[in-house]
$ cat entry.cif   # mmCIF, C-alpha atoms
data_my_file
#
loop_
_atom_site.group_PDB
_atom_site.id
_atom_site.type_symbol
_atom_site.label_atom_id
_atom_site.label_comp_id
_atom_site.auth_asym_id
_atom_site.auth_seq_id
_atom_site.Cartn_x
_atom_site.Cartn_y
_atom_site.Cartn_z
ATOM 1 C CA MET A 8 -29.746 24.361 -5.838
ATOM 2 C CA ALA A 9 -27.576 26.842 -7.729
ATOM 3 C CA GLU A 10 -30.040 26.756 -10.613
ATOM 4 C CA ALA A 11 -32.947 27.481 -8.266
ATOM 5 C CA ILE A 12 -31.122 30.537 -6.925
ATOM 6 C CA MET A 13 -30.182 31.644 -10.432
ATOM 7 C CA GLY A 14 -33.746 31.205 -11.633
ATOM 8 C CA GLY A 15 -35.037 33.404 -8.843
ATOM 9 C CA LEU A 16 -32.446 36.130 -9.381
ATOM 10 C CA CYS A 17 -32.962 36.179 -13.154
ATOM 11 C CA GLN A 18 -36.359 37.720 -12.579
ATOM 12 C CA ASP A 19 -34.752 40.764 -10.939
ATOM 13 C CA PRO A 20 -33.024 43.185 -13.368
ATOM 14 C CA ARG A 21 -30.773 44.496 -10.568
ATOM 15 C CA TYR A 22 -28.653 41.347 -10.763
ATOM 16 C CA ARG A 23 -26.087 40.600 -13.462
ATOM 17 C CA LEU A 24 -25.254 36.917 -13.264
ATOM 18 C CA ARG A 25 -22.521 34.626 -14.493
ATOM 19 C CA PHE A 26 -21.679 31.023 -13.686
ATOM 20 C CA SER A 27 -19.073 28.380 -14.434
ATOM 21 C CA GLU A 28 -19.995 24.798 -15.323
ATOM 22 C CA PRO A 29 -17.405 22.301 -16.619
ATOM 23 C CA SER A 30 -20.028 19.947 -18.078
ATOM 24 C CA ARG A 31 -20.726 20.934 -21.700
ATOM 25 C CA GLU A 32 -24.208 19.407 -21.646
ATOM 26 C CA ARG A 33 -25.173 21.076 -18.404
ATOM 27 C CA ARG A 34 -23.733 24.393 -19.544
ATOM 28 C CA ALA A 35 -25.697 24.226 -22.802
ATOM 29 C CA TYR A 36 -28.892 23.492 -20.890
ATOM 30 C CA MET A 37 -28.338 26.406 -18.500
ATOM 31 C CA THR A 38 -27.449 28.798 -21.327
ATOM 32 C CA ALA A 39 -30.581 27.874 -23.261
ATOM 33 C CA LYS A 40 -32.800 28.271 -20.195
ATOM 34 C CA TYR A 41 -31.148 31.429 -18.833
ATOM 35 C CA SER A 42 -29.967 33.282 -21.933
ATOM 36 C CA GLN A 43 -29.300 36.508 -20.006
ATOM 37 C CA VAL A 44 -26.661 34.794 -17.838
ATOM 38 C CA GLU A 45 -22.998 34.620 -18.871
ATOM 39 C CA ALA A 46 -21.672 31.063 -18.931
ATOM 40 C CA PHE A 47 -18.052 29.915 -18.534
ATOM 41 C CA SER A 48 -16.452 26.489 -18.731
ATOM 42 C CA ASP A 49 -14.119 27.047 -15.781
ATOM 43 C CA THR A 50 -14.006 29.153 -12.657
ATOM 44 C CA ASP A 51 -10.635 30.753 -13.371
ATOM 45 C CA THR A 52 -11.829 32.247 -16.670
ATOM 46 C CA MET A 53 -15.062 33.451 -15.137
ATOM 47 C CA LEU A 54 -13.346 35.144 -12.213
ATOM 48 C CA SER A 55 -10.686 36.733 -14.425
ATOM 49 C CA THR A 56 -13.150 38.162 -16.954
ATOM 50 C CA GLY A 57 -14.239 41.751 -16.383
ATOM 51 C CA ALA A 58 -14.759 43.357 -13.000
ATOM 52 C CA LEU A 59 -14.768 41.150 -9.919
ATOM 53 C CA ALA A 60 -18.284 40.251 -8.826
ATOM 54 C CA GLN A 61 -19.869 41.846 -5.784
ATOM 55 C CA VAL A 62 -21.069 38.419 -4.624
ATOM 56 C CA ILE A 63 -19.522 35.003 -5.336
ATOM 57 C CA LEU A 64 -21.579 31.907 -4.553
ATOM 58 C CA PHE A 65 -19.938 28.515 -4.074
ATOM 59 C CA ALA A 66 -22.345 25.735 -5.113
ATOM 60 C CA VAL A 67 -20.038 22.839 -5.972
ATOM 61 C CA LYS A 68 -19.440 19.297 -4.757
ATOM 62 C CA PRO A 69 -17.420 19.242 -1.510
ATOM 63 C CA GLN A 70 -14.716 17.196 -3.217
ATOM 64 C CA VAL A 71 -13.910 19.999 -5.698
ATOM 65 C CA MET A 72 -14.323 22.927 -3.326
ATOM 66 C CA LYS A 73 -10.649 23.282 -2.383
ATOM 67 C CA PRO A 74 -9.222 23.888 -5.894
ATOM 68 C CA VAL A 75 -12.028 26.355 -6.643
ATOM 69 C CA VAL A 76 -11.286 28.314 -3.464
ATOM 70 C CA LEU A 77 -7.532 28.213 -4.107
ATOM 71 C CA GLU A 78 -8.106 29.701 -7.585
ATOM 72 C CA LEU A 79 -10.171 32.505 -6.117
ATOM 73 C CA GLY A 80 -7.595 33.136 -3.410
ATOM 74 C CA GLU A 81 -4.832 33.556 -5.978
ATOM 75 C CA LEU A 82 -6.975 35.968 -7.992
ATOM 76 C CA LEU A 83 -7.855 38.059 -4.935
ATOM 77 C CA LYS A 84 -4.215 38.224 -3.835
ATOM 78 C CA HIS A 85 -3.174 39.279 -7.349
ATOM 79 C CA LYS A 86 -5.757 42.068 -7.402
ATOM 80 C CA GLN A 87 -4.580 43.267 -3.998
ATOM 81 C CA GLU A 88 -0.967 43.405 -5.207
ATOM 82 C CA THR A 89 -1.788 45.239 -8.439
ATOM 83 C CA GLN A 90 -4.170 47.705 -6.810
ATOM 84 C CA GLN A 91 -2.123 48.698 -3.779
ATOM 85 C CA GLY A 92 -3.006 52.159 -2.548
ATOM 86 C CA GLN A 93 -6.404 52.037 -4.232
ATOM 87 C CA GLN A 94 -9.642 51.620 -2.338
ATOM 88 C CA GLN A 95 -10.799 48.040 -2.747
ATOM 89 C CA GLN A 96 -14.102 46.401 -1.920
ATOM 90 C CA GLN A 97 -13.774 42.686 -1.360
ATOM 91 C CA PRO A 98 -16.556 40.482 -2.736
ATOM 92 C CA LEU A 99 -19.007 38.822 -0.399
ATOM 93 C CA LEU A 100 -18.490 35.060 -0.500
ATOM 94 C CA LEU A 101 -21.471 32.763 0.041
ATOM 95 C CA SER A 102 -21.098 29.006 0.409
ATOM 96 C CA ILE A 103 -23.872 26.426 0.258
ATOM 97 C CA VAL A 104 -21.356 23.576 0.051
ATOM 98 C CA ALA A 105 -22.145 20.900 2.602
ATOM 99 C CA GLY A 106 -19.392 19.762 4.938
ATOM 100 C CA ILE A 107 -16.912 22.599 4.380
ATOM 101 C CA ARG A 108 -16.485 24.872 7.391
ATOM 102 C CA ALA A 109 -16.064 28.608 7.008
ATOM 103 C CA ILE A 110 -12.745 28.512 8.831
ATOM 104 C CA THR A 111 -11.503 25.957 6.293
ATOM 105 C CA ILE A 112 -12.546 28.151 3.356
ATOM 106 C CA LEU A 113 -10.796 31.182 4.838
ATOM 107 C CA ASP A 114 -7.677 29.109 5.498
ATOM 108 C CA TRP A 115 -7.597 28.009 1.857
ATOM 109 C CA LEU A 116 -8.182 31.565 0.618
ATOM 110 C CA GLN A 117 -5.408 33.207 2.648
ATOM 111 C CA VAL A 118 -7.247 36.494 2.045
ATOM 112 C CA GLN A 119 -9.525 38.353 4.453
ATOM 113 C CA VAL A 120 -12.984 38.569 2.884
ATOM 114 C CA PRO A 121 -16.551 38.558 4.219
ATOM 115 C CA LEU A 122 -17.843 34.981 4.129
ATOM 116 C CA ILE A 123 -21.266 33.584 4.962
ATOM 117 C CA ARG A 124 -21.987 29.867 5.093
ATOM 118 C CA LEU A 125 -25.547 28.759 4.391
ATOM 119 C CA MET A 126 -27.446 25.501 4.677
ATOM 120 C CA PRO A 127 -30.563 25.485 2.494
ATOM 121 C CA ASN A 128 -32.786 22.450 1.972
ATOM 122 C CA THR A 129 -34.362 20.899 -1.105
ATOM 123 C CA PRO A 130 -37.744 22.713 -0.843
ATOM 124 C CA ALA A 131 -35.723 25.772 -1.907
ATOM 125 C CA LEU A 132 -36.033 24.282 -5.399
ATOM 126 C CA ILE A 133 -39.695 25.338 -5.357
ATOM 127 C CA GLY A 134 -39.227 28.550 -3.357
ATOM 128 C CA GLU A 135 -40.159 26.958 -0.024
ATOM 129 C CA GLY A 136 -36.752 26.571 1.551
ATOM 130 C CA ALA A 137 -35.616 26.796 5.161
ATOM 131 C CA ILE A 138 -32.086 28.192 5.398
ATOM 132 C CA GLY A 139 -29.540 28.416 8.191
ATOM 133 C CA CYS A 140 -26.900 31.174 7.950
ATOM 134 C CA TYR A 141 -23.556 31.724 9.688
ATOM 135 C CA ALA A 142 -21.350 34.825 9.366
ATOM 136 C CA ALA A 143 -17.737 33.687 9.486
ATOM 137 C CA ASP A 144 -16.255 36.677 11.323
ATOM 138 C CA GLU A 145 -16.539 40.403 12.067
ATOM 139 C CA SER A 146 -15.797 41.323 8.442
ATOM 140 C CA VAL A 147 -19.416 40.398 7.686
ATOM 141 C CA GLY A 148 -21.430 43.560 8.238
ATOM 142 C CA GLN A 149 -25.151 44.212 8.391
ATOM 143 C CA SER A 150 -25.168 45.196 4.722
ATOM 144 C CA HIS A 151 -23.742 41.770 3.858
ATOM 145 C CA ARG A 152 -26.486 40.087 5.866
ATOM 146 C CA TRP A 153 -29.170 42.139 4.128
ATOM 147 C CA LEU A 154 -27.710 41.334 0.726
ATOM 148 C CA THR A 155 -27.588 37.622 1.555
ATOM 149 C CA GLU A 156 -31.197 37.657 2.710
ATOM 150 C CA SER A 157 -32.313 39.487 -0.441
ATOM 151 C CA ILE A 158 -30.690 36.762 -2.556
ATOM 152 C CA PHE A 159 -31.905 33.733 -0.644
ATOM 153 C CA LYS A 160 -35.423 34.997 -0.089
ATOM 154 C CA LYS A 161 -35.851 34.165 -3.771
ATOM 155 C CA VAL A 162 -35.795 30.492 -2.792
ATOM 156 C CA GLY A 163 -36.558 30.405 0.938
ATOM 157 C CA LYS A 164 -39.425 31.253 3.256
ATOM 158 C CA GLN A 165 -37.477 31.031 6.524
ATOM 159 C CA MET A 166 -33.916 32.201 7.247
ATOM 160 C CA CYS A 167 -32.259 31.777 10.643
ATOM 161 C CA TRP A 168 -28.871 33.200 11.659
ATOM 162 C CA VAL A 169 -26.722 31.226 14.096
ATOM 163 C CA ASP A 170 -23.763 32.679 15.982
ATOM 164 C CA GLN A 171 -21.696 29.483 16.211
ATOM 165 C CA GLU A 172 -20.644 27.460 13.170
ATOM 166 C CA ASP A 173 -21.272 24.167 14.966
ATOM 167 C CA LEU A 174 -24.943 25.096 14.917
ATOM 168 C CA ILE A 175 -24.898 24.792 11.120
ATOM 169 C CA ASP A 176 -24.482 21.058 11.778
ATOM 170 C CA THR A 177 -27.627 21.207 13.902
ATOM 171 C CA VAL A 178 -29.434 23.082 11.125
ATOM 172 C CA THR A 179 -28.276 20.334 8.753
ATOM 173 C CA GLY A 180 -29.729 17.649 10.994
ATOM 174 C CA LEU A 181 -33.015 19.500 11.374
ATOM 175 C CA SER A 182 -33.996 21.346 8.203
ATOM 176 C CA GLY A 183 -31.215 20.289 5.843
ATOM 177 C CA SER A 184 -32.057 16.599 6.114
ATOM 178 C CA GLY A 185 -35.556 17.211 7.477
ATOM 179 C CA PRO A 186 -37.520 16.901 4.220
ATOM 180 C CA ALA A 187 -36.458 13.250 3.993
ATOM 181 C CA TYR A 188 -37.847 12.597 7.483
ATOM 182 C CA PHE A 189 -41.224 13.962 6.469
ATOM 183 C CA PHE A 190 -41.172 12.017 3.195
ATOM 184 C CA LEU A 191 -40.521 8.855 5.209
ATOM 185 C CA ILE A 192 -43.399 9.588 7.597
ATOM 186 C CA MET A 193 -45.700 10.391 4.676
ATOM 187 C CA GLU A 194 -44.668 7.175 2.963
ATOM 188 C CA ALA A 195 -45.508 5.204 6.114
ATOM 189 C CA LEU A 196 -48.895 6.933 6.471
ATOM 190 C CA GLN A 197 -49.750 6.255 2.837
ATOM 191 C CA ASN A 198 -48.708 2.596 3.086
ATOM 192 C CA ALA A 199 -50.767 2.105 6.250
ATOM 193 C CA ALA A 200 -53.882 3.465 4.538
ATOM 194 C CA VAL A 201 -53.325 1.273 1.477
ATOM 195 C CA ALA A 202 -52.892 -1.767 3.745
ATOM 196 C CA ARG A 203 -56.347 -1.044 5.179
ATOM 197 C CA GLY A 204 -58.101 -0.669 1.853
ATOM 198 C CA LEU A 205 -57.619 2.796 0.365
ATOM 199 C CA SER A 206 -56.329 3.106 -3.182
ATOM 200 C CA GLU A 207 -52.770 4.353 -3.505
ATOM 201 C CA GLN A 208 -54.014 7.483 -5.258
ATOM 202 C CA ASP A 209 -56.478 8.370 -2.500
ATOM 203 C CA ALA A 210 -54.024 7.472 0.259
ATOM 204 C CA LYS A 211 -51.361 9.727 -1.273
ATOM 205 C CA ALA A 212 -53.775 12.633 -1.803
ATOM 206 C CA LEU A 213 -55.068 12.490 1.778
ATOM 207 C CA THR A 214 -51.537 12.118 3.170
ATOM 208 C CA MET A 215 -50.251 15.141 1.242
ATOM 209 C CA GLN A 216 -53.122 17.376 2.276
ATOM 210 C CA THR A 217 -53.006 16.208 5.894
ATOM 211 C CA CYS A 218 -49.321 17.123 6.138
ATOM 212 C CA LEU A 219 -49.825 20.434 4.360
ATOM 213 C CA GLY A 220 -52.861 21.308 6.486
ATOM 214 C CA ALA A 221 -51.116 20.412 9.744
ATOM 215 C CA ALA A 222 -48.096 22.535 8.787
ATOM 216 C CA GLN A 223 -50.306 25.510 7.902
ATOM 217 C CA MET A 224 -52.177 25.180 11.197
ATOM 218 C CA ALA A 225 -48.888 25.154 13.092
ATOM 219 C CA ILE A 226 -47.686 28.243 11.201
ATOM 220 C CA GLN A 227 -50.905 30.220 11.612
ATOM 221 C CA SER A 228 -51.839 29.230 15.173
ATOM 222 C CA ASP A 229 -50.718 31.008 18.331
ATOM 223 C CA ASP A 230 -50.652 27.615 20.076
ATOM 224 C CA ASP A 231 -47.401 25.692 20.431
ATOM 225 C CA LEU A 232 -47.008 22.228 18.933
ATOM 226 C CA VAL A 233 -47.813 20.423 22.182
ATOM 227 C CA THR A 234 -51.101 22.315 22.553
ATOM 228 C CA LEU A 235 -52.060 21.700 18.934
ATOM 229 C CA ARG A 236 -51.452 17.975 19.328
ATOM 230 C CA ARG A 237 -53.475 17.816 22.527
ATOM 231 C CA LYS A 238 -56.390 19.625 20.909
ATOM 232 C CA VAL A 239 -56.571 16.931 18.237
ATOM 233 C CA THR A 240 -56.177 14.092 20.753
ATOM 234 C CA SER A 241 -59.598 13.507 22.294
ATOM 235 C CA PRO A 242 -59.671 11.252 25.383
ATOM 236 C CA LYS A 243 -60.337 7.622 24.440
ATOM 237 C CA GLY A 244 -60.551 8.602 20.761
ATOM 238 C CA THR A 245 -58.867 7.335 17.620
ATOM 239 C CA THR A 246 -55.982 9.821 17.730
ATOM 240 C CA GLU A 247 -55.207 8.973 21.338
ATOM 241 C CA ALA A 248 -55.081 5.279 20.418
ATOM 242 C CA ALA A 249 -52.567 5.979 17.645
ATOM 243 C CA VAL A 250 -50.420 8.357 19.693
ATOM 244 C CA LYS A 251 -50.338 5.862 22.590
ATOM 245 C CA VAL A 252 -48.876 3.153 20.333
ATOM 246 C CA MET A 253 -46.305 5.576 18.917
ATOM 247 C CA GLU A 254 -45.295 6.768 22.393
ATOM 248 C CA GLU A 255 -44.959 3.170 23.623
ATOM 249 C CA LEU A 256 -42.615 2.503 20.693
ATOM 250 C CA ASP A 257 -40.609 5.578 21.775
ATOM 251 C CA ILE A 258 -41.127 7.544 18.563
ATOM 252 C CA ARG A 259 -39.597 10.669 20.133
ATOM 253 C CA LYS A 260 -36.301 8.889 20.783
ATOM 254 C CA VAL A 261 -36.277 7.354 17.305
ATOM 255 C CA ILE A 262 -36.643 10.802 15.735
ATOM 256 C CA GLN A 263 -34.135 12.379 18.111
ATOM 257 C CA ASP A 264 -31.575 9.651 17.442
ATOM 258 C CA GLY A 265 -32.045 10.136 13.706
ATOM 259 C CA VAL A 266 -31.528 13.900 13.921
ATOM 260 C CA PHE A 267 -28.489 13.431 16.168
ATOM 261 C CA ALA A 268 -27.023 10.918 13.669
ATOM 262 C CA ALA A 269 -27.374 13.489 10.875
ATOM 263 C CA ILE A 270 -25.698 16.160 13.022
ATOM 264 C CA ASP A 271 -22.820 13.832 13.906
ATOM 265 C CA ARG A 272 -22.357 12.858 10.261
ATOM 266 C CA SER A 273 -22.276 16.526 9.275
ATOM 267 C CA LYS A 274 -19.428 17.071 11.732
ATOM 268 C CA GLU A 275 -17.585 14.006 10.415
ATOM 269 C CA LEU A 276 -17.854 15.259 6.821
ATOM 270 C CA ALA A 277 -16.511 18.642 7.854
ATOM 271 C CA ASP A 278 -13.497 16.925 9.419
ATOM 272 C CA GLU A 279 -12.941 14.810 6.298
ATOM 273 C CA PHE A 280 -13.196 17.649 3.770
ATOM 274 C CA GLY A 281 -11.292 20.117 5.934
ATOM 275 C CA ASN A 282 -7.971 18.381 5.461
#
$ encode --input "entry.cif" --output "structure tokens"
Amino acid sequence: MAEAIMGGLCQDPRYRLRFSEPSRERRAYMTAKYSQVEAFSDTDTMLSTGALAQVILFAVKPQVMKPVVLELGELLKHKQETQQGQQQQQPLLLSIVAGIRAITILDWLQVQVPLIRLMPNTPALIGEGAIGCYAADESVGQSHRWLTESIFKKVGKQMCWVDQEDLIDTVTGLSGSGPAYFFLIMEALQNAAVARGLSEQDAKALTMQTCLGAAQMAIQSDDDLVTLRRKVTSPKGTTEAAVKVMEELDIRKVIQDGVFAAIDRSKELADEFGN
């Protein structure tokens, strides 16, 4: 995900980018692909080199988030102590780390800074992401929101701001995990068609285009989803027969229970990693 964001920003000369990556192989790959970006082997060296960045993005595994944040907190406190009496602009912190609450990050930092937590999804890797955003407190101003949107619009088509951090868990259950739900449904559709005689290639092609076409219709139409479904469902027709079976099997509850399970797991992870 970090590479997708970096790739998008590299096309804009307004941004000067640097990143830290402990893996030598991964760092070499990134340096070769993005030669205009400064690479560092550790976060401490990167943060201590030159002027402090205007924006710092956390895109690490949840398990290593705490030491990274503690390093940054020490650096920010040191700069505050050495620059007392001088006007200071704190960097905007952005976190796409799953399972780490904003309040936990701020507690680790022990420094008051603007922090925004984001939950992108994997289609962001191809510039088609859906992203939930949460501003941690009142230190996040409108300019910070605009800056965040300008960065993440490089990888996302839809950004939604929520005013309660718990709703990031809901975003996780919906759009964060959502691509996997659609992949599962598409897999089932493809397998059903193959079971009734279509080649796997044709079944996949028709499944992909059906899903893409339905999504585009939903985006472009003024009708809500219920109306769109009803328009396709002719009385006593093939679609009605299929929908009837799905409704009898309680497909709505199956999907709802799945989304709720993802939301609950997101909350559990936040509790685990917040210690």
$ residues_near_point --input "entry.cif" --point "(-8.5, 27.5, -3.3)" --cutoff "10 Å" --atoms "all atoms listed in the file" --output "list in words"
Val71, Met72, Lys73, Pro74, Val75, Val76, Leu77, Glu78, Leu79, Gly80, Glu81, Leu82, Ile112, Leu113, Asp114, Trp115, Leu116 and Gln117 of chain A
$ atom_distance --input "entry.cif" --atom1 "atom CA of A:Lys160" --atom2 "atom CA of A:Ile12"
9.2 Å
$ residues_around --input "entry.cif" --residues "stretch 265-278 of chain A" --least-positions-apart "3" --cutoff "6 Å" --atoms "only C-alpha atoms" --output "PyMOL selection string"
chain A and resi 106-107+176-177+180+262+281
$ resolve_selection --input "entry.cif" --expression "the PyMOL selection byres ((chain A and resi 141) around 6)" --output "list in words"
Ile123, Arg124, Cys140, Ala142, Trp168 and Val169 of chain A
$ write_last_selection --input "entry.cif" --atoms "C-alpha atoms" --output "short mmCIF file (atom, residue, chain, number, x, y, z; two decimals), in the frame of the given file"
data_model
loop_
_atom_site.label_atom_id
_atom_site.label_comp_id
_atom_site.auth_asym_id
_atom_site.auth_seq_id
_atom_site.Cartn_x
_atom_site.Cartn_y
_atom_site.Cartn_z
CA ILE A 123 -21.27 33.58 4.96
CA ARG A 124 -21.99 29.87 5.09
CA CYS A 140 -26.90 31.17 7.95
CA ALA A 142 -21.35 34.83 9.37
CA TRP A 168 -28.87 33.20 11.66
CA VAL A 169 -26.72 31.23 14.10
#
$ atom_distance --input "entry.cif" --atom1 "atom CA of A:Thr50" --atom2 "atom CA of A:Ser27"
5.4 Å
$ atom_distance --input "entry.cif" --atom1 "atom CA of A:Pro98" --atom2 "atom CA of A:Ser157"
16.0 Å
$ closest_residue --input "entry.cif" --among "A:Ser42, A:Gln165, A:Ser182, A:Gln149" --to "A:Ile226" --atoms "all atoms listed in the file"
A:Gln165
$ closest_residue --input "entry.cif" --among "A:Pro69, A:Ser184, A:Gln227, A:Leu16" --to "A:Phe280" --atoms "only C-alpha atoms"
A:Pro69
$ decode --input "entry.cif" --residues "stretch 256-267 of chain A" --atoms "N, CA, C and O atoms" --output "PDB file, in the first residue's frame"
ATOM      1  N   LEU A 256     -32.449 -18.706   1.598  1.00  0.00           N
ATOM      2  CA  LEU A 256     -31.244 -19.124   2.319  1.00  0.00           C
ATOM      3  C   LEU A 256     -30.698 -18.013   3.214  1.00  0.00           C
ATOM      4  O   LEU A 256     -29.639 -18.160   3.826  1.00  0.00           O
ATOM      5  N   ASP A 257     -31.426 -16.897   3.276  1.00  0.00           N
ATOM      6  CA  ASP A 257     -31.099 -15.774   4.162  1.00  0.00           C
ATOM      7  C   ASP A 257     -29.736 -15.163   3.830  1.00  0.00           C
ATOM      8  O   ASP A 257     -28.891 -14.938   4.713  1.00  0.00           O
ATOM      9  N   ILE A 258     -29.543 -14.856   2.542  1.00  0.00           N
ATOM     10  CA  ILE A 258     -28.261 -14.305   2.104  1.00  0.00           C
ATOM     11  C   ILE A 258     -27.943 -12.968   2.776  1.00  0.00           C
ATOM     12  O   ILE A 258     -26.793 -12.659   3.063  1.00  0.00           O
ATOM     13  N   ARG A 259     -28.987 -12.179   3.072  1.00  0.00           N
ATOM     14  CA  ARG A 259     -28.755 -10.880   3.715  1.00  0.00           C
ATOM     15  C   ARG A 259     -28.119 -11.063   5.098  1.00  0.00           C
ATOM     16  O   ARG A 259     -27.192 -10.336   5.474  1.00  0.00           O
ATOM     17  N   LYS A 260     -28.622 -12.041   5.850  1.00  0.00           N
ATOM     18  CA  LYS A 260     -28.085 -12.272   7.189  1.00  0.00           C
ATOM     19  C   LYS A 260     -26.669 -12.836   7.109  1.00  0.00           C
ATOM     20  O   LYS A 260     -25.807 -12.489   7.932  1.00  0.00           O
ATOM     21  N   VAL A 261     -26.420 -13.698   6.136  1.00  0.00           N
ATOM     22  CA  VAL A 261     -25.075 -14.251   5.974  1.00  0.00           C
ATOM     23  C   VAL A 261     -24.068 -13.120   5.737  1.00  0.00           C
ATOM     24  O   VAL A 261     -23.003 -13.071   6.365  1.00  0.00           O
ATOM     25  N   ILE A 262     -24.425 -12.204   4.837  1.00  0.00           N
ATOM     26  CA  ILE A 262     -23.523 -11.088   4.535  1.00  0.00           C
ATOM     27  C   ILE A 262     -23.386 -10.166   5.746  1.00  0.00           C
ATOM     28  O   ILE A 262     -22.279  -9.736   6.095  1.00  0.00           O
ATOM     29  N   GLN A 263     -24.508  -9.869   6.389  1.00  0.00           N
ATOM     30  CA  GLN A 263     -24.457  -9.000   7.567  1.00  0.00           C
ATOM     31  C   GLN A 263     -23.605  -9.613   8.669  1.00  0.00           C
ATOM     32  O   GLN A 263     -22.773  -8.929   9.277  1.00  0.00           O
ATOM     33  N   ASP A 264     -23.778 -10.910   8.917  1.00  0.00           N
ATOM     34  CA  ASP A 264     -22.995 -11.566   9.959  1.00  0.00           C
ATOM     35  C   ASP A 264     -21.504 -11.538   9.622  1.00  0.00           C
ATOM     36  O   ASP A 264     -20.659 -11.381  10.511  1.00  0.00           O
ATOM     37  N   GLY A 265     -21.186 -11.688   8.341  1.00  0.00           N
ATOM     38  CA  GLY A 265     -19.790 -11.627   7.923  1.00  0.00           C
ATOM     39  C   GLY A 265     -19.194 -10.259   8.155  1.00  0.00           C
ATOM     40  O   GLY A 265     -18.073 -10.126   8.683  1.00  0.00           O
ATOM     41  N   VAL A 266     -19.924  -9.214   7.775  1.00  0.00           N
ATOM     42  CA  VAL A 266     -19.442  -7.838   7.975  1.00  0.00           C
ATOM     43  C   VAL A 266     -19.293  -7.551   9.467  1.00  0.00           C
ATOM     44  O   VAL A 266     -18.279  -6.969   9.903  1.00  0.00           O
ATOM     45  N   PHE A 267     -20.274  -7.967  10.257  1.00  0.00           N
ATOM     46  CA  PHE A 267     -20.208  -7.743  11.705  1.00  0.00           C
ATOM     47  C   PHE A 267     -19.003  -8.468  12.312  1.00  0.00           C
ATOM     48  O   PHE A 267     -18.347  -7.958  13.230  1.00  0.00           O
TER      49      PHE A 267
END
